[in-house]
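Take a look at the structure below.
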Amino acid sequence: MHKLNVRFCYFFLSVILSAHVAQAREIITLQTNWKFARGHYEDAFKPQFDDTQWKDINIPHDWAIEGPFIVDGDGNTGKLPWKGEGWYRNHMFIPEKYIDKTVYLIFDGVMAFPEVFINGTLAGTWDYGYNSFYLDITRYIHFGKENLIAVHADTRNHESRWYPGAGIYRKVQMVVVDKVHVGIWGTYVTTPIIKPHAADIRVINTLCNSSLNDETNITVENIILSPKGIELVKKSVSFSLKGNKSKEIETNITLSNPQRWDIDNPVLYKVKTIVYKGNEIADICFTNFGIRSIRFTPDNGFYLNNRRVQLKGVNLHHDHGLLGAAFFPRAMERQLEIMKAMGCNAIRTSHNMPAPELLDLCDRMGLLVFNEAFDKYDKRADITEQTDFEEFAHRNIRNFVVRDRNHPCIFIWSVGNEIHDVQRNMNNGFSKLHTMVNYVRRYDPTRPVTMVCDDYQSASLRHFDYYDVHSWNYGRRYRLARQMEPNKPVIISESASTVSTRGFYELPLPANKTDFTTSLQVSSYDLNAPEWAELADDDFMWQQEEEYVAGEFVWTGFDYLGEPTPYTNQWVKEHGLSDSAASRSSYFGIVDLCGIPKDRYYLYKSYWKPEETTVHILPHWNWKGKVGENIPVFVYTNGDCAELFLNGKSLGIKCKNPASVNSTERFRLIWNDVVYQPGELKAVVYKAGEVIGSNSIKTADEPYKIVLSADRRSLAADGNDLSYILIEAYDKNNTPCPWAENKIKITVKGSASIAGIGNGNPQSFDTFRSDSVNLFFGKAMVIIRAGDKKGSVTISASSEGLIKDEITIAIN
């Protein structure tokens with residue numbers, strides 16, 4: 001039994017509620033006991049089909065991430081074999097005690113066009129691979145017997161601009177409830193009035209009666225629980241409900257002295273909902289919520305709890321690098337921890353509904369969410385020529401909003417991204433926009449709605465009349481919309497798109513941001529961007545100059561599979577190379593595909609988190625054959641000035657110029673003419689004339705030993721928990737070796753396995769499912785997945801000519 005996500009209801013079986021408790025709801029996560037095969041199987045939905053030779057897998061599962069890479073394939077979608085069909089089968093016993101219950105299946109995400117069969121009968125279908133859906137499967141079940149759940153996923157008609165993954169890549173749960181119950185995602189909590197001494201809590205419960213009774217007398221009791229689980233206040237409503245009907249019941253409760261949810265204090269309350277049939281408890285569910293106010297102003301941006309908050313956001317794609325699209329809560333949590341440590345306070349779910357756990361984590365960690373539903377209104381949203389757009393929009397927006405609307409972290413809804421025909425009002429574009437926006441407002445009137453735009457001139461058509469906030473990508477393209485409608489706020493929904501490769505530095509420095517070379521890597525001096533984008537510093541400067549801008553969302557927080565700008569198939573062929581030269585993952589990330597920060601991470605941290613000392617020096621200081629040559633040195637810091645020393649000799653003090661029209665002069669300290677000598681490079685940083693910190697880097701000798709560093713040394717024995725182990729090469733003096741490319745062999749002993757392994761190189765076509773990896777500029781990463789047995793696990797790393805290292809992890 002597992003706890004369902006916060007907007008679902010859940011029941012703790014260990015709590016004895018009353019002598020009159022019926023067997024309340026049970027939630028069973030269907031993680032194990034699945035069989036999988038890729039390809040077309042005509043009869044795979046039938047119970048008698050022989051699946052004994054199929055592969056045993058656990059959910060979540062992305063069938064394409066294992067590869068192999070298609071080296072001459074399409075880099076835009078990751079050069080992985082995600083197109084095709086796949087079948088999943090789960091044989092499970094469903095006890096006879098459930099015969100008087102209602103049974104649902106909830107799928108958090110299946111890529112794409114899933115068909116769900118129960119015991120050979122089609123129970124339901126869906127289309128959009130990024131959305132959650134549920135099915136009532138009660139009538140198809142053979143109670144007291146073995147049952148077959150068969151799921152067919154088909155990505156052949158799905159289109160994508162990035163790697164989408166394939167299969168049942170998010171969790172599946174079976175929910176067993178009384179015939180009288182709160183519906184799936186059936187509690188809606190809002191806080192229409194918030195004052196320092198009191199808050200009005202409005203709870204709307206959707207009650208379902210799936211029995212055949214003419215009428216059932218029902219009482220619903222809603223109890224507000226404090227962040228510590230203490231009962232604060234409660235209220236009951238009684239009514240009758242006919243069989244095969246549902247009804248919305250509203251309860252208004254006043255809470256004294258409320259604590260507010262905030263990014264610095266993410267306080268969460270719970271509504272405990274108890275459903276009675278007469279004196280018998282039929283259902284219990286818990287719904288998390290937060291008490292907070294949000295508003296935008298056109299001239300001063302975003303306010304949270306009446307305090308202006310500059311949005312320091314990042315865009316995150318749905319994949320988790322080495323793990324592919326398969327969603328593991330710890331992988332998501334780690335990404336958010338890394339972003340929050342950088343000073344990030346907001347996430348945009350580009351460009352699709354996220355896994356529900358992302359929102360749970362943002363609620364708990366104090367991160368705001370720009371919740372987005374679609375990229376385009378075409379095959380990238382699984383909209384085909386046969387799709388009824390109105391029906392599709394209603395069904396998908398309903399699930400999107402109703403599933404997510406209790407999360408205090410969400411401050412805005414987005415109905416799409418850079419939709420050219422909508423921005424230009426082609427193919428009934430404005431009508432489609434109107435439809436989408438209206439359905440969002442129907443299911444949640446408490447938050448603003450937007451559409452993300454990139455076509456500067458399209459603002460002249462006034463598509464912004466249909467939504468609430470100007471959201472624009474890159475290059476201050478919001479200017480015309482702002483001029484035409486100055487009474488709406490502005491968000492930079494995609495900023496920067498600066499590109500770089502972790503650990504790679506190329507000289508000379510680029511004269512133009514679009515100076516890319518056939519090295520097929522991008523220099524980590526952070527001076528490169530596509531023609532349509534800009535440097536990180538530019539967006540910092542524009543926000544300083546235009547205070548009405550509510551903030552930015554950087555493209556992107558992490559590298560992701562696909563979209564390998566600039567080294568796409570088109571670019572490499574235009575430069576005399578073949579398709580096999582195109583990369584398989586992006587260069588946009590502030591953090592690489594493995595989760596290792598790039599230099600740019602510290603540039604953002606220096607600006608976004610000024611209260612914490614940052615002193616970061618680049619590049620590395622190993623330049624064999626370049627003694628006596630100039631090596632530019634950059635320092636990223638929250639300080640005003642820094643003095644640079646080489647082997648103890650001062651190279652002068654540099655200070656930021658806050659009035660410069662050259663953005664890099666405002667936010668970086670640059671020494672362009674450092675004459676290279678091996679040794680130690682040191683920066684001493686000043687703020688308001690006082691030393692606040694220092695840092696140094698040293699020239700390394702040859703690699704001597706392997707060093708392993710785990711982000712977590714204790715994991716849950718749940719089959720899904722993860723530890724990320726950084727692999728590095730150090731010399732005899734314990735200095736990291738930035739040029740090391742040794743092949744590392746990983747051995748795991750105990751109840752755990754390798755979930756993924758890689759090195760962050762966008763040009764690597766080695767599988768992520770391996771026990772070996774080459775270091776890339778001195779680093780690599782292995783992800784260890786816990787098993788379901790308790791004990792200790794030893795992970796060892798070895799390489800020819802290097803001293804090996806090992807690390808022990810406890811599985812509890």
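We name chains A, B, ... following the order of the structure tokens; residues begin at 1 in each chain, and ligands are numbered from 1 as shown.
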Nearby residues (only C-alpha atoms) at most 8 Å from region 798-803 of chain A, same-chain spacing under 2 positions excluded, as a ChimeraX atom specification: /A:703-706,742-746,796,805
Written file, previous selection with N, CA, C and O atoms, as a PDB file, in the first residue's frame:
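Dumped everything to out_32.pdb:
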```pdb
ATOM      1  N   PRO A 703      46.431  11.440 -13.937  1.00  0.00           N
ATOM      2  CA  PRO A 703      45.458  10.748 -13.085  1.00  0.00           C
ATOM      3  C   PRO A 703      46.121   9.613 -12.308  1.00  0.00           C
ATOM      4  O   PRO A 703      46.906   8.845 -12.849  1.00  0.00           O
ATOM      5  N   TYR A 704      45.748   9.534 -11.034  1.00  0.00           N
ATOM      6  CA  TYR A 704      46.371   8.564 -10.135  1.00  0.00           C
ATOM      7  C   TYR A 704      45.338   7.659  -9.460  1.00  0.00           C
ATOM      8  O   TYR A 704      45.598   6.482  -9.244  1.00  0.00           O
ATOM      9  N   LYS A 705      44.162   8.214  -9.147  1.00  0.00           N
ATOM     10  CA  LYS A 705      43.173   7.428  -8.416  1.00  0.00           C
ATOM     11  C   LYS A 705      41.763   7.844  -8.820  1.00  0.00           C
ATOM     12  O   LYS A 705      41.529   8.930  -9.351  1.00  0.00           O
ATOM     13  N   ILE A 706      40.827   6.956  -8.529  1.00  0.00           N
ATOM     14  CA  ILE A 706      39.406   7.228  -8.731  1.00  0.00           C
ATOM     15  C   ILE A 706      38.816   7.684  -7.405  1.00  0.00           C
ATOM     16  O   ILE A 706      39.146   7.154  -6.340  1.00  0.00           O
ATOM     17  N   ASN A 742      39.678   8.305 -18.706  1.00  0.00           N
ATOM     18  CA  ASN A 742      39.854   6.885 -18.424  1.00  0.00           C
ATOM     19  C   ASN A 742      38.526   6.133 -18.486  1.00  0.00           C
ATOM     20  O   ASN A 742      37.479   6.663 -18.115  1.00  0.00           O
ATOM     21  N   LYS A 743      38.580   4.876 -18.887  1.00  0.00           N
ATOM     22  CA  LYS A 743      37.400   4.020 -18.870  1.00  0.00           C
ATOM     23  C   LYS A 743      37.260   3.423 -17.475  1.00  0.00           C
ATOM     24  O   LYS A 743      38.184   2.803 -16.952  1.00  0.00           O
ATOM     25  N   ILE A 744      36.098   3.594 -16.873  1.00  0.00           N
ATOM     26  CA  ILE A 744      35.836   3.168 -15.506  1.00  0.00           C
ATOM     27  C   ILE A 744      34.863   1.988 -15.513  1.00  0.00           C
ATOM     28  O   ILE A 744      33.819   2.041 -16.177  1.00  0.00           O
ATOM     29  N   LYS A 745      35.222   0.927 -14.785  1.00  0.00           N
ATOM     30  CA  LYS A 745      34.341  -0.242 -14.639  1.00  0.00           C
ATOM     31  C   LYS A 745      33.668  -0.176 -13.267  1.00  0.00           C
ATOM     32  O   LYS A 745      34.325   0.030 -12.249  1.00  0.00           O
ATOM     33  N   ILE A 746      32.336  -0.357 -13.245  1.00  0.00           N
ATOM     34  CA  ILE A 746      31.553  -0.289 -12.020  1.00  0.00           C
ATOM     35  C   ILE A 746      31.059  -1.685 -11.645  1.00  0.00           C
ATOM     36  O   ILE A 746      30.526  -2.417 -12.483  1.00  0.00           O
ATOM     37  N   SER A 796      31.909  -0.383  -6.397  1.00  0.00           N
ATOM     38  CA  SER A 796      33.337  -0.171  -6.599  1.00  0.00           C
ATOM     39  C   SER A 796      33.593   0.280  -8.019  1.00  0.00           C
ATOM     40  O   SER A 796      32.867  -0.076  -8.951  1.00  0.00           O
ATOM     41  N   ASP A 805      38.313   2.822  -6.147  1.00  0.00           N
ATOM     42  CA  ASP A 805      37.608   3.342  -4.987  1.00  0.00           C
ATOM     43  C   ASP A 805      36.311   2.567  -4.846  1.00  0.00           C
ATOM     44  O   ASP A 805      35.799   1.971  -5.819  1.00  0.00           O
TER      45      ASP A 805
END
```
Surrounding residues of Phe389 (chain A) excluding itself and chain neighbours under 5 positions, 10 Å, only C-alpha atoms, as a PyMOL selection string: chain A and resi 377+383-384+394-395+432+435-436
Shell around Ala123 (chain A) at 10 Å using only C-alpha atoms, local window under 5 positions removed, as a ChimeraX atom specification: /A:115-118,135-140,149-150
Filtered DSSP result for region 368-454 of chain A, state alpha helix (DSSP H), as a count of residues only: 35
Selection: 10 Å around Lys656 (chain A), only C-alpha atoms, excl. self and same-chain fewer than 4 positions, as a count of residues only: 13
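If you look at CA of Arg502 (chain A) and CA of Leu577 (chain A), they are 23.3 Å away from each other.
Going from CA of Asp766 (chain A) over to CA of Gly67 (chain A), you cover 9.0 Å.
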Give me, as a tab-separated table, each residue of region 476-545 of chain A that comes within 12 Å of region 732-740 of chain A, together with its shortest interatomic pair and the distance in Å at one decimal, counting only C-alpha atoms, with rows ordered by chain and rising residue number.
```
residue	atom	partner	partner_atom	distance
A:Arg502	CA	A:Pro738	CA	10.5
A:Gly503	CA	A:Pro738	CA	7.1
A:Phe504	CA	A:Pro738	CA	9.2
A:Tyr505	CA	A:Pro738	CA	10.9
```
Export of the given selection (C-alpha atoms) as a short mmCIF file (atom, residue, chain, number, x, y, z; two decimals), in the first residue's frame:
```cif
data_model
loop_
_atom_site.label_atom_id
_atom_site.label_comp_id
_atom_site.auth_asym_id
_atom_site.auth_seq_id
_atom_site.Cartn_x
_atom_site.Cartn_y
_atom_site.Cartn_z
CA ARG A 502 30.73 21.02 -19.28
CA GLY A 503 34.53 21.13 -18.90
CA PHE A 504 35.27 22.12 -22.53
CA TYR A 505 37.08 25.41 -23.30
#
```
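With distances restricted to only C-alpha atoms, A:His470 is the closest residue to Lys488 (chain A) from A:Lys654, A:His470, A:Lys573, A:His463.
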How close does region 280-323 of chain A get to region 125-132 of chain A? List, as JSON lines, each residue of region 280-323 of chain A within 12 Å, its nearest atom pair and the distance in Å to one decimal, counting only C-alpha atoms.
```
{"residue": "A:His317", "atom": "CA", "partner": "A:Tyr130", "partner_atom": "CA", "distance": 11.5}
{"residue": "A:His318", "atom": "CA", "partner": "A:Tyr130", "partner_atom": "CA", "distance": 9.1}
{"residue": "A:Asp319", "atom": "CA", "partner": "A:Tyr130", "partner_atom": "CA", "distance": 11.6}
```
Length of the CA of Gly144 (chain A) to CA of Val103 (chain A) vector [Å]: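 Computing the Euclidean distance for CA of Gly144 (chain A) and CA of Val103 (chain A) yields 13.9 Å.
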Distance query Phe45 (chain A) at most 12 Å, only C-alpha atoms, self and fewer than 5 positions along chain excluded, as a VMD selection string: chain A and resid 40 50 to 51 86 to 91 115 to 123 147 to 153
Against region 773-781 of chain A, which residues of region 516-622 of chain A fall within 10 Å? For each one I want the closest pair of atoms and the distance in Å (one decimal), counting only C-alpha atoms, rows by chain and increasing residue number, as CSV.
```
residue,atom,partner,partner_atom,distance
A:Leu593,CA,A:Met781,CA,9.7
A:Cys594,CA,A:Met781,CA,6.1
A:Gly595,CA,A:Met781,CA,8.1
A:Ile596,CA,A:Met781,CA,8.3
```
Could those selected residues go to a file with all heavy atoms, as a CSV table (one decimal), in the first residue's frame?
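New file out.csv:
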```csv
chain,number,residue,atom,x,y,z
A,593,LEU,N,23.7,16.6,-18.6
A,593,LEU,CA,22.7,15.5,-18.7
A,593,LEU,C,22.8,14.6,-17.5
A,593,LEU,O,21.8,13.9,-17.2
A,593,LEU,CB,22.9,14.7,-20.0
A,593,LEU,CG,21.8,13.8,-20.4
A,593,LEU,CD1,20.6,14.7,-20.9
A,593,LEU,CD2,22.2,12.9,-21.5
A,594,CYS,N,24.0,14.5,-16.9
A,594,CYS,CA,24.2,13.6,-15.8
A,594,CYS,C,23.8,14.3,-14.4
A,594,CYS,O,23.8,13.6,-13.4
A,594,CYS,CB,25.6,13.2,-15.7
A,594,CYS,SG,26.2,12.2,-17.1
A,595,GLY,N,23.6,15.6,-14.5
A,595,GLY,CA,23.4,16.3,-13.2
A,595,GLY,C,24.6,16.9,-12.6
A,595,GLY,O,24.6,17.2,-11.4
A,596,ILE,N,25.6,17.2,-13.4
A,596,ILE,CA,26.8,17.8,-13.0
A,596,ILE,C,26.8,19.3,-13.4
A,596,ILE,O,26.6,19.6,-14.6
A,596,ILE,CB,28.1,17.1,-13.5
A,596,ILE,CG1,28.1,15.6,-13.2
A,596,ILE,CG2,29.4,17.8,-13.0
A,596,ILE,CD1,29.2,14.9,-13.9
```
Selection: 8 Å around Phe143 (chain A), only C-alpha atoms, excl. self and same-chain fewer than 2 positions, as a ChimeraX atom specification: /A:94-99,141,145-146
What does the file look like for those residues with C-alpha atoms, as an mmCIF file, in the first residue's frame?
```cif
data_model
loop_
_atom_site.group_PDB
_atom_site.id
_atom_site.type_symbol
_atom_site.label_atom_id
_atom_site.label_comp_id
_atom_site.auth_asym_id
_atom_site.auth_seq_id
_atom_site.Cartn_x
_atom_site.Cartn_y
_atom_site.Cartn_z
ATOM 1 C CA ILE A 94 -8.010 -9.462 -7.310
ATOM 2 C CA PRO A 95 -9.675 -10.776 -4.142
ATOM 3 C CA GLU A 96 -13.360 -11.528 -3.862
ATOM 4 C CA LYS A 97 -13.677 -9.069 -0.957
ATOM 5 C CA TYR A 98 -13.611 -6.267 -3.536
ATOM 6 C CA ILE A 99 -16.776 -7.504 -5.244
ATOM 7 C CA ILE A 141 -12.911 -7.641 -13.199
ATOM 8 C CA LYS A 145 -9.568 -14.852 -9.662
ATOM 9 C CA GLU A 146 -6.473 -13.896 -11.631
#
```
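Checking A:Leu105, A:Asn205, A:Pro354, A:Ala550 one by one against Tyr303 (chain A), counting only C-alpha atoms, you find the shortest gap at A:Ala550.
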